[in-house]
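**Q** File target_15.cif follows (mmCIF, C-alpha atoms, pLDDT in the B column; chains and numbers go by the auth columns):
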data_upload
loop_
_atom_site.group_PDB
_atom_site.id
_atom_site.type_symbol
_atom_site.label_atom_id
_atom_site.label_comp_id
_atom_site.label_asym_id
_atom_site.label_seq_id
_atom_site.Cartn_x
_atom_site.Cartn_y
_atom_site.Cartn_z
_atom_site.B_iso_or_equiv
_atom_site.auth_seq_id
_atom_site.auth_asym_id
ATOM 1 C CA MET A 1 -83.823 116.764 27.615 76.00 14 G
ATOM 2 C CA ASP A 2 -81.853 116.688 24.381 86.00 15 G
ATOM 3 C CA LEU A 3 -78.326 118.132 24.261 87.00 16 G
ATOM 4 C CA ASN A 4 -79.295 120.639 21.560 88.00 17 G
ATOM 5 C CA GLU A 5 -82.189 121.902 23.702 92.00 18 G
ATOM 6 C CA VAL A 6 -79.844 122.367 26.653 91.00 19 G
ATOM 7 C CA LEU A 7 -77.352 124.288 24.527 91.00 20 G
ATOM 8 C CA LYS A 8 -80.089 126.550 23.159 93.00 21 G
ATOM 9 C CA GLY A 9 -81.188 127.200 26.720 94.00 22 G
ATOM 10 C CA LEU A 10 -77.613 128.073 27.683 93.00 23 G
ATOM 11 C CA GLU A 11 -77.428 130.544 24.779 93.00 24 G
ATOM 12 C CA LEU A 12 -80.567 132.207 26.145 94.00 25 G
ATOM 13 C CA LYS A 13 -78.961 132.340 29.597 94.00 26 G
ATOM 14 C CA ILE A 14 -75.903 134.074 28.131 93.00 27 G
ATOM 15 C CA LYS A 15 -78.177 136.712 26.601 93.00 28 G
ATOM 16 C CA GLY A 16 -80.073 136.999 29.899 92.00 29 G
ATOM 17 C CA ALA A 17 -76.839 137.632 31.799 91.00 30 G
ATOM 18 C CA GLY A 18 -76.686 141.114 30.271 89.00 31 G
ATOM 19 C CA GLU A 19 -80.050 141.959 31.807 90.00 32 G
ATOM 20 C CA ILE A 20 -79.010 140.964 35.334 90.00 33 G
ATOM 21 C CA SER A 21 -75.535 142.509 35.250 86.00 34 G
ATOM 22 C CA GLY A 22 -76.731 145.654 37.014 83.00 35 G
ATOM 23 C CA LEU A 23 -78.380 143.696 39.829 84.00 36 G
ATOM 24 C CA SER A 24 -76.891 142.088 42.926 83.00 37 G
ATOM 25 C CA SER A 25 -76.530 138.492 44.043 84.00 38 G
ATOM 26 C CA LYS A 26 -79.483 138.985 46.431 85.00 39 G
ATOM 27 C CA HIS A 27 -81.895 140.084 43.700 88.00 40 G
ATOM 28 C CA PHE A 28 -84.702 137.715 42.698 91.00 41 G
ATOM 29 C CA GLY A 29 -83.895 138.097 38.986 91.00 42 G
ATOM 30 C CA PHE A 30 -80.346 136.874 39.523 90.00 43 G
ATOM 31 C CA LYS A 31 -81.429 134.014 41.785 91.00 44 G
ATOM 32 C CA ASN A 32 -83.925 132.850 39.169 94.00 45 G
ATOM 33 C CA TRP A 33 -81.302 133.049 36.395 94.00 46 G
ATOM 34 C CA HIS A 34 -78.732 131.145 38.482 93.00 47 G
ATOM 35 C CA THR A 35 -81.163 128.386 39.511 93.00 48 G
ATOM 36 C CA THR A 36 -82.435 127.768 35.995 94.00 49 G
ATOM 37 C CA THR A 37 -78.889 127.800 34.617 94.00 50 G
ATOM 38 C CA LEU A 38 -77.829 125.149 37.152 94.00 51 G
ATOM 39 C CA ALA A 39 -80.856 123.054 36.169 93.00 52 G
ATOM 40 C CA LEU A 40 -79.747 123.200 32.528 93.00 53 G
ATOM 41 C CA LEU A 41 -76.167 122.289 33.455 93.00 54 G
ATOM 42 C CA ARG A 42 -77.397 119.190 35.308 93.00 55 G
ATOM 43 C CA GLU A 43 -78.840 117.921 32.017 93.00 56 G
ATOM 44 C CA LEU A 44 -75.421 117.913 30.318 91.00 57 G
ATOM 45 C CA PRO A 45 -73.535 114.624 29.892 90.00 58 G
ATOM 46 C CA SER A 46 -70.532 113.832 32.075 89.00 59 G
ATOM 47 C CA SER A 47 -68.071 114.914 29.370 89.00 60 G
ATOM 48 C CA TYR A 48 -68.846 118.523 30.375 89.00 61 G
ATOM 49 C CA PHE A 49 -67.861 117.892 34.005 89.00 62 G
ATOM 50 C CA GLN A 50 -64.948 120.371 34.106 89.00 63 G
ATOM 51 C CA GLU A 51 -66.896 123.234 32.531 89.00 64 G
ATOM 52 C CA VAL A 52 -69.888 122.671 34.831 90.00 65 G
ATOM 53 C CA ASN A 53 -67.595 122.700 37.859 91.00 66 G
ATOM 54 C CA ASN A 54 -66.042 125.977 36.684 89.00 67 G
ATOM 55 C CA PHE A 55 -69.533 127.483 36.760 90.00 68 G
ATOM 56 C CA LYS A 56 -70.437 125.965 40.134 90.00 69 G
ATOM 57 C CA LYS A 57 -67.283 127.345 41.783 90.00 70 G
ATOM 58 C CA LEU A 58 -68.419 130.929 41.222 87.00 71 G
ATOM 59 C CA THR A 59 -69.871 132.519 44.359 84.00 72 G
ATOM 60 C CA PHE A 60 -71.557 135.661 42.912 81.00 73 G
ATOM 61 C CA GLU A 61 -71.215 137.401 46.262 77.00 74 G
ATOM 62 C CA THR A 62 -71.966 141.043 46.648 65.00 75 G
ATOM 63 C CA THR A 63 -68.934 141.964 48.705 58.00 76 G
ATOM 64 C CA GLY A 64 -68.493 144.979 50.880 58.00 77 G
ATOM 65 C CA TYR A 65 -69.684 145.953 54.287 57.00 78 G
ATOM 66 C CA LYS A 66 -73.005 147.455 55.241 57.00 79 G
ATOM 67 C CA ARG A 67 -73.704 150.326 57.569 57.00 80 G
ATOM 68 C CA GLY A 68 -77.176 149.961 58.850 59.00 81 G
ATOM 69 C CA LYS A 69 -79.378 149.045 55.898 58.00 82 G
ATOM 70 C CA LYS A 70 -77.344 150.841 53.218 58.00 83 G
ATOM 71 C CA PHE A 71 -74.187 149.790 51.419 54.00 84 G
ATOM 72 C CA ALA A 72 -71.123 151.861 52.173 50.00 85 G
ATOM 73 C CA SER A 73 -70.246 152.275 48.500 52.00 86 G
ATOM 74 C CA GLN A 74 -71.497 151.438 45.033 52.00 87 G
ATOM 75 C CA THR A 75 -68.249 149.688 44.017 48.00 88 G
ATOM 76 C CA ASP A 76 -68.881 146.638 46.194 59.00 89 G
ATOM 77 C CA THR A 77 -70.562 144.727 43.351 74.00 90 G
ATOM 78 C CA THR A 78 -67.268 144.195 41.518 80.00 91 G
ATOM 79 C CA LYS A 79 -67.026 140.565 42.685 83.00 92 G
ATOM 80 C CA TYR A 80 -70.579 139.915 41.503 83.00 93 G
ATOM 81 C CA THR A 81 -69.972 141.395 38.048 87.00 94 G
ATOM 82 C CA GLY A 82 -66.635 139.609 37.741 88.00 95 G
ATOM 83 C CA ASP A 83 -68.212 136.277 38.592 90.00 96 G
ATOM 84 C CA LEU A 84 -71.062 136.965 36.188 91.00 97 G
ATOM 85 C CA ASP A 85 -68.534 137.568 33.404 92.00 98 G
ATOM 86 C CA SER A 86 -66.763 134.338 34.351 92.00 99 G
ATOM 87 C CA ALA A 87 -70.100 132.508 34.276 93.00 100 G
ATOM 88 C CA VAL A 88 -70.816 133.762 30.768 93.00 101 G
ATOM 89 C CA LYS A 89 -67.323 132.651 29.729 93.00 102 G
ATOM 90 C CA ALA A 90 -67.899 129.162 31.206 92.00 103 G
ATOM 91 C CA LEU A 91 -71.244 128.832 29.413 92.00 104 G
ATOM 92 C CA LYS A 92 -69.629 129.890 26.141 93.00 105 G
ATOM 93 C CA GLU A 93 -66.920 127.241 26.647 91.00 106 G
ATOM 94 C CA ILE A 94 -69.618 124.586 26.961 91.00 107 G
ATOM 95 C CA ILE A 95 -71.269 125.705 23.732 91.00 108 G
ATOM 96 C CA GLU A 96 -67.909 125.925 21.924 90.00 109 G
ATOM 97 C CA LYS A 97 -66.943 122.458 23.139 86.00 110 G
ATOM 98 C CA ASN A 98 -70.112 121.054 21.612 84.00 111 G
ATOM 99 C CA LYS A 99 -69.472 122.839 18.315 83.00 112 G
ATOM 100 C CA ALA A 100 -65.911 121.511 18.222 82.00 113 G
ATOM 101 C CA GLY A 101 -67.141 118.013 19.107 77.00 114 G
ATOM 102 C CA SER A 102 -69.864 118.040 16.440 75.00 115 G
ATOM 103 C CA SER A 103 -67.455 119.240 13.732 71.00 116 G
ATOM 104 C CA LYS A 104 -65.001 116.508 14.755 67.00 117 G
ATOM 105 C CA LYS A 105 -67.719 113.860 14.443 64.00 118 G
ATOM 106 C CA LYS A 106 -68.627 115.082 10.972 59.00 119 G
ATOM 107 C CA SER A 107 -65.009 114.928 9.760 55.00 120 G
ATOM 108 C CA ASP A 108 -64.592 111.289 10.817 53.00 121 G
ATOM 109 C CA SER A 109 -65.479 108.849 8.070 50.00 122 G
ATOM 110 C CA PRO A 110 -66.071 105.117 8.333 52.00 123 G
ATOM 111 C CA THR A 111 -62.824 104.389 6.464 50.00 124 G
ATOM 112 C CA ASP A 112 -60.827 106.199 9.162 49.00 125 G
ATOM 113 C CA GLN A 113 -61.841 103.701 11.814 52.00 126 G
ATOM 114 C CA LYS A 114 -59.087 101.676 13.408 57.00 127 G
ATOM 115 C CA THR A 115 -58.761 98.098 12.267 59.00 128 G
ATOM 116 C CA LYS A 116 -58.665 95.393 14.872 57.00 129 G
ATOM 117 C CA PRO A 117 -55.347 93.593 15.244 57.00 130 G
ATOM 118 C CA ASP A 118 -55.186 90.008 13.997 67.00 131 G
ATOM 119 C CA LYS A 119 -53.579 88.693 17.172 64.00 132 G
ATOM 120 C CA PRO A 120 -54.949 89.153 20.664 62.00 133 G
ATOM 121 C CA PRO A 121 -52.725 91.103 23.053 64.00 134 G
ATOM 122 C CA LEU A 122 -50.147 89.084 24.936 65.00 135 G
ATOM 123 C CA LYS A 123 -50.919 88.220 28.525 62.00 136 G
ATOM 124 C CA LYS A 124 -48.402 88.700 31.292 62.00 137 G
ATOM 125 C CA SER A 125 -46.611 85.517 32.238 62.00 138 G
ATOM 126 C CA GLY A 126 -45.975 84.601 35.834 63.00 139 G
ATOM 127 C CA ILE A 127 -46.783 82.177 38.575 67.00 140 G
ATOM 128 C CA LYS A 128 -50.485 81.694 38.980 66.00 141 G
ATOM 129 C CA LYS A 129 -51.961 81.100 42.404 66.00 142 G
ATOM 130 C CA THR A 130 -54.786 78.711 42.986 68.00 143 G
ATOM 131 C CA SER A 131 -57.994 79.977 44.499 66.00 144 G
ATOM 132 C CA ALA A 132 -57.123 78.314 47.819 65.00 145 G
ATOM 133 C CA GLU A 133 -53.800 80.148 47.942 65.00 146 G
ATOM 134 C CA LYS A 134 -55.492 83.443 47.133 63.00 147 G
ATOM 135 C CA ASN A 135 -58.088 83.002 49.874 64.00 148 G
ATOM 136 C CA ALA A 136 -55.682 81.683 52.515 65.00 149 G
ATOM 137 C CA LYS A 137 -54.899 84.074 55.350 59.00 150 G
ATOM 138 C CA LYS A 138 -51.440 84.347 56.792 57.00 151 G
ATOM 139 C CA SER A 139 -51.193 84.399 60.553 51.00 152 G
ATOM 140 C CA SER A 140 -49.348 87.421 61.855 55.00 153 G
ATOM 141 C CA SER A 141 -48.021 85.789 65.061 60.00 154 G
ATOM 142 C CA GLY A 142 -46.684 82.608 63.489 61.00 155 G
ATOM 143 C CA ARG A 143 -48.811 80.399 65.755 66.00 156 G
ATOM 144 C CA GLU A 144 -50.688 77.472 64.413 66.00 157 G
ATOM 145 C CA PRO A 145 -54.445 77.319 64.945 63.00 158 G
ATOM 146 C CA ALA A 146 -55.849 75.120 67.680 67.00 159 G
ATOM 147 C CA LYS A 147 -56.769 71.581 66.698 67.00 160 G
ATOM 148 C CA LYS A 148 -60.418 70.759 66.615 69.00 161 G
ATOM 149 C CA GLY A 149 -62.051 67.524 67.633 64.00 162 G
ATOM 150 C CA SER A 150 -61.817 65.255 70.636 63.00 163 G
ATOM 151 C CA SER A 151 -58.797 65.342 72.872 60.00 164 G
ATOM 152 C CA SER A 152 -56.824 62.107 73.121 60.00 165 G
ATOM 153 C CA THR A 153 -55.438 63.012 76.531 62.00 166 G
ATOM 154 C CA ARG A 154 -58.771 62.940 78.357 61.00 167 G
ATOM 155 C CA LYS A 155 -60.477 59.739 79.039 60.00 168 G
ATOM 156 C CA LYS A 156 -64.201 59.406 79.067 61.00 169 G
ATOM 157 C CA LYS A 157 -65.881 58.280 82.272 65.00 170 G
ATOM 158 C CA SER A 158 -67.556 54.979 82.093 63.00 171 G
ATOM 159 C CA GLY A 159 -70.818 54.821 83.793 55.00 172 G
#
Translate the structure of the given file into structure tokens.
**A**
Amino acid sequence: MDLNEVLKGLELKIKGAGEISGLSSKHFGFKNWHTTTLALLRELPSSYFQEVNNFKKLTFETTGYKRGKKFASQTDTTKYTGDLDSAVKALKEIIEKNKAGSSKKKSDSPTDQKTKPDKPPLKKSGIKKTSAEKNAKKSSSGREPAKKGSSSTRKKKSG
């Protein structure tokens, strides 16, 4: 999906947030809006990582306690509406970031590009280790490894 298509979809989701503001986090309309918004956010490039995470952190919980099957009060949706407002703000930040990025790209001209330096950057000087020294393991106990091969102390039986 193209970035412009994703951003247009996010603008539609911002408009749709007004329709679901009177609902709760358990309502099908909200769940559908949230799922499709997350699907759009997954299509964004990694440069939008922080803004996407700000949206994902929102819980949209309908807080409050229930007595039986009825809510105790009507004011328990304040967390839901607050998170919905924060979600709209996060989506607007994503759209604004794209507008700022596209205007920055238009202002750059080919003559503003950095010129390459004539000399390559200096390398750090120091003692270089050979590959054998790099791969060699130091023994922690200070003991030398056992010698391999035939033992000179044992004599072979002649038969």
**Q** Name the residues captured by the PyMOL selection byres ((chain G and resi 14) around 10) when it is applied to the shown file; answer as an mmCIF file with C-alpha atoms, in the coordinates of the input.
**A**
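And here is the file that came out, out.cif:
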data_model
loop_
_atom_site.group_PDB
_atom_site.id
_atom_site.type_symbol
_atom_site.label_atom_id
_atom_site.label_comp_id
_atom_site.auth_asym_id
_atom_site.auth_seq_id
_atom_site.Cartn_x
_atom_site.Cartn_y
_atom_site.Cartn_z
ATOM 1 C CA ASP G 15 -81.853 116.688 24.381
ATOM 2 C CA LEU G 16 -78.326 118.132 24.261
ATOM 3 C CA ASN G 17 -79.295 120.639 21.560
ATOM 4 C CA GLU G 18 -82.189 121.902 23.702
ATOM 5 C CA VAL G 19 -79.844 122.367 26.653
ATOM 6 C CA LEU G 53 -79.747 123.200 32.528
ATOM 7 C CA GLU G 56 -78.840 117.921 32.017
ATOM 8 C CA LEU G 57 -75.421 117.913 30.318
#
**Q** Using the chain letters and numbers from the file, which residues does the PyMOL selection byres ((chain G and resi 108) around 12) grab, as a ChimeraX atom specification?
**A** /G:16-27,54,57,61,64-65,101-107,109-115
**Q** Could you jot down the CA of Gly95 (chain G) to CA of Ser59 (chain G) separation for me, Å, one decimal place?
**A**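 Pair CA of Gly95 (chain G) / CA of Ser59 (chain G) returns 26.7 Å.
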**Q** So the first atom is CA of Glu74 (chain G) and the second is CA of Tyr93 (chain G); what is the distance between them in Å, to one decimal place?
**A**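 Answer for the CA of Glu74 (chain G) to CA of Tyr93 (chain G) separation: 5.4 Å.
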**Q** Just how far from CA of Lys92 (chain G) is CA of Gly29 (chain G), in Å to one decimal?
**A**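 Spanning CA of Gly29 (chain G) to CA of Lys92 (chain G) is a straight-line distance of 18.6 Å.
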**Q** Find the residues around Ser37 (chain G) up to 7 Å (all atoms listed in the file counted), leave out those fewer than 2 positions away in its own chain, and share them as a list in words.
**A** Gly35, Lys39, His40, Thr75, Thr90 and Tyr93 of chain G
**Q** Please complete region 28-39 of chain G so it has all heavy atoms, and hand it over as a PDB file, in the coordinates of the input.
**A**
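Resulting contents of result26.pdb:
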ATOM      1  N   LYS G  28     -77.535 135.443  26.956  1.00 93.00           N
ATOM      2  CA  LYS G  28     -78.177 136.712  26.601  1.00 93.00           C
ATOM      3  C   LYS G  28     -78.840 137.332  27.832  1.00 93.00           C
ATOM      4  O   LYS G  28     -78.836 138.554  27.999  1.00 93.00           O
ATOM      5  CB  LYS G  28     -79.208 136.486  25.498  1.00 93.00           C
ATOM      6  CG  LYS G  28     -78.582 136.105  24.178  1.00 93.00           C
ATOM      7  CD  LYS G  28     -79.633 135.801  23.137  1.00 93.00           C
ATOM      8  CE  LYS G  28     -78.987 135.305  21.849  1.00 93.00           C
ATOM      9  NZ  LYS G  28     -79.982 134.865  20.871  1.00 93.00           N
ATOM     10  N   GLY G  29     -79.415 136.511  28.694  1.00 92.00           N
ATOM     11  CA  GLY G  29     -80.073 136.999  29.899  1.00 92.00           C
ATOM     12  C   GLY G  29     -79.105 137.547  30.932  1.00 92.00           C
ATOM     13  O   GLY G  29     -79.497 138.306  31.818  1.00 92.00           O
ATOM     14  N   ALA G  30     -77.839 137.147  30.839  1.00 91.00           N
ATOM     15  CA  ALA G  30     -76.839 137.632  31.799  1.00 91.00           C
ATOM     16  C   ALA G  30     -76.624 139.131  31.659  1.00 91.00           C
ATOM     17  O   ALA G  30     -76.317 139.814  32.636  1.00 91.00           O
ATOM     18  CB  ALA G  30     -75.522 136.888  31.612  1.00 91.00           C
ATOM     19  N   GLY G  31     -76.822 139.672  30.468  1.00 89.00           N
ATOM     20  CA  GLY G  31     -76.686 141.114  30.271  1.00 89.00           C
ATOM     21  C   GLY G  31     -77.761 141.889  31.017  1.00 89.00           C
ATOM     22  O   GLY G  31     -77.529 143.002  31.496  1.00 89.00           O
ATOM     23  N   GLU G  32     -78.942 141.287  31.137  1.00 90.00           N
ATOM     24  CA  GLU G  32     -80.050 141.959  31.807  1.00 90.00           C
ATOM     25  C   GLU G  32     -79.849 142.013  33.325  1.00 90.00           C
ATOM     26  O   GLU G  32     -80.306 142.937  33.979  1.00 90.00           O
ATOM     27  CB  GLU G  32     -81.365 141.246  31.492  1.00 90.00           C
ATOM     28  CG  GLU G  32     -81.723 141.270  30.022  1.00 90.00           C
ATOM     29  CD  GLU G  32     -82.913 140.381  29.703  1.00 90.00           C
ATOM     30  OE1 GLU G  32     -83.532 139.834  30.632  1.00 90.00           O
ATOM     31  OE2 GLU G  32     -83.219 140.233  28.511  1.00 90.00           O
ATOM     32  N   ILE G  33     -79.169 141.010  33.877  1.00 90.00           N
ATOM     33  CA  ILE G  33     -79.010 140.964  35.334  1.00 90.00           C
ATOM     34  C   ILE G  33     -77.669 141.513  35.792  1.00 90.00           C
ATOM     35  O   ILE G  33     -77.365 141.470  36.978  1.00 90.00           O
ATOM     36  CB  ILE G  33     -79.180 139.517  35.859  1.00 90.00           C
ATOM     37  CG1 ILE G  33     -78.138 138.585  35.253  1.00 90.00           C
ATOM     38  CG2 ILE G  33     -80.576 139.016  35.612  1.00 90.00           C
ATOM     39  CD1 ILE G  33     -78.059 137.251  35.932  1.00 90.00           C
ATOM     40  N   SER G  34     -76.872 142.036  34.873  1.00 86.00           N
ATOM     41  CA  SER G  34     -75.535 142.509  35.250  1.00 86.00           C
ATOM     42  C   SER G  34     -75.585 143.710  36.193  1.00 86.00           C
ATOM     43  O   SER G  34     -74.682 143.910  36.989  1.00 86.00           O
ATOM     44  CB  SER G  34     -74.715 142.847  34.010  1.00 86.00           C
ATOM     45  OG  SER G  34     -75.333 143.894  33.294  1.00 86.00           O
ATOM     46  N   GLY G  35     -76.633 144.492  36.136  1.00 83.00           N
ATOM     47  CA  GLY G  35     -76.731 145.654  37.014  1.00 83.00           C
ATOM     48  C   GLY G  35     -77.346 145.336  38.368  1.00 83.00           C
ATOM     49  O   GLY G  35     -77.458 146.209  39.217  1.00 83.00           O
ATOM     50  N   LEU G  36     -77.736 144.087  38.576  1.00 84.00           N
ATOM     51  CA  LEU G  36     -78.380 143.696  39.829  1.00 84.00           C
ATOM     52  C   LEU G  36     -77.339 143.226  40.835  1.00 84.00           C
ATOM     53  O   LEU G  36     -76.148 143.362  40.614  1.00 84.00           O
ATOM     54  CB  LEU G  36     -79.398 142.581  39.560  1.00 84.00           C
ATOM     55  CG  LEU G  36     -80.462 142.877  38.498  1.00 84.00           C
ATOM     56  CD1 LEU G  36     -81.333 141.664  38.270  1.00 84.00           C
ATOM     57  CD2 LEU G  36     -81.300 144.081  38.904  1.00 84.00           C
ATOM     58  N   SER G  37     -77.802 142.654  41.929  1.00 83.00           N
ATOM     59  CA  SER G  37     -76.891 142.088  42.926  1.00 83.00           C
ATOM     60  C   SER G  37     -77.193 140.605  43.080  1.00 83.00           C
ATOM     61  O   SER G  37     -78.171 140.092  42.529  1.00 83.00           O
ATOM     62  CB  SER G  37     -77.059 142.792  44.271  1.00 83.00           C
ATOM     63  OG  SER G  37     -78.308 142.455  44.841  1.00 83.00           O
ATOM     64  N   SER G  38     -76.351 139.936  43.849  1.00 84.00           N
ATOM     65  CA  SER G  38     -76.530 138.492  44.043  1.00 84.00           C
ATOM     66  C   SER G  38     -77.747 138.182  44.907  1.00 84.00           C
ATOM     67  O   SER G  38     -78.185 137.042  44.965  1.00 84.00           O
ATOM     68  CB  SER G  38     -75.281 137.888  44.671  1.00 84.00           C
ATOM     69  OG  SER G  38     -75.039 138.472  45.929  1.00 84.00           O
ATOM     70  N   LYS G  39     -78.302 139.176  45.578  1.00 85.00           N
ATOM     71  CA  LYS G  39     -79.483 138.985  46.431  1.00 85.00           C
ATOM     72  C   LYS G  39     -80.787 139.208  45.670  1.00 85.00           C
ATOM     73  O   LYS G  39     -81.855 138.902  46.168  1.00 85.00           O
ATOM     74  CB  LYS G  39     -79.446 139.943  47.629  1.00 85.00           C
ATOM     75  CG  LYS G  39     -78.153 139.913  48.401  1.00 85.00           C
ATOM     76  CD  LYS G  39     -77.985 138.622  49.150  1.00 85.00           C
ATOM     77  CE  LYS G  39     -76.724 138.696  49.999  1.00 85.00           C
ATOM     78  NZ  LYS G  39     -76.179 137.419  50.309  1.00 85.00           N
TER      79      LYS G  39
END
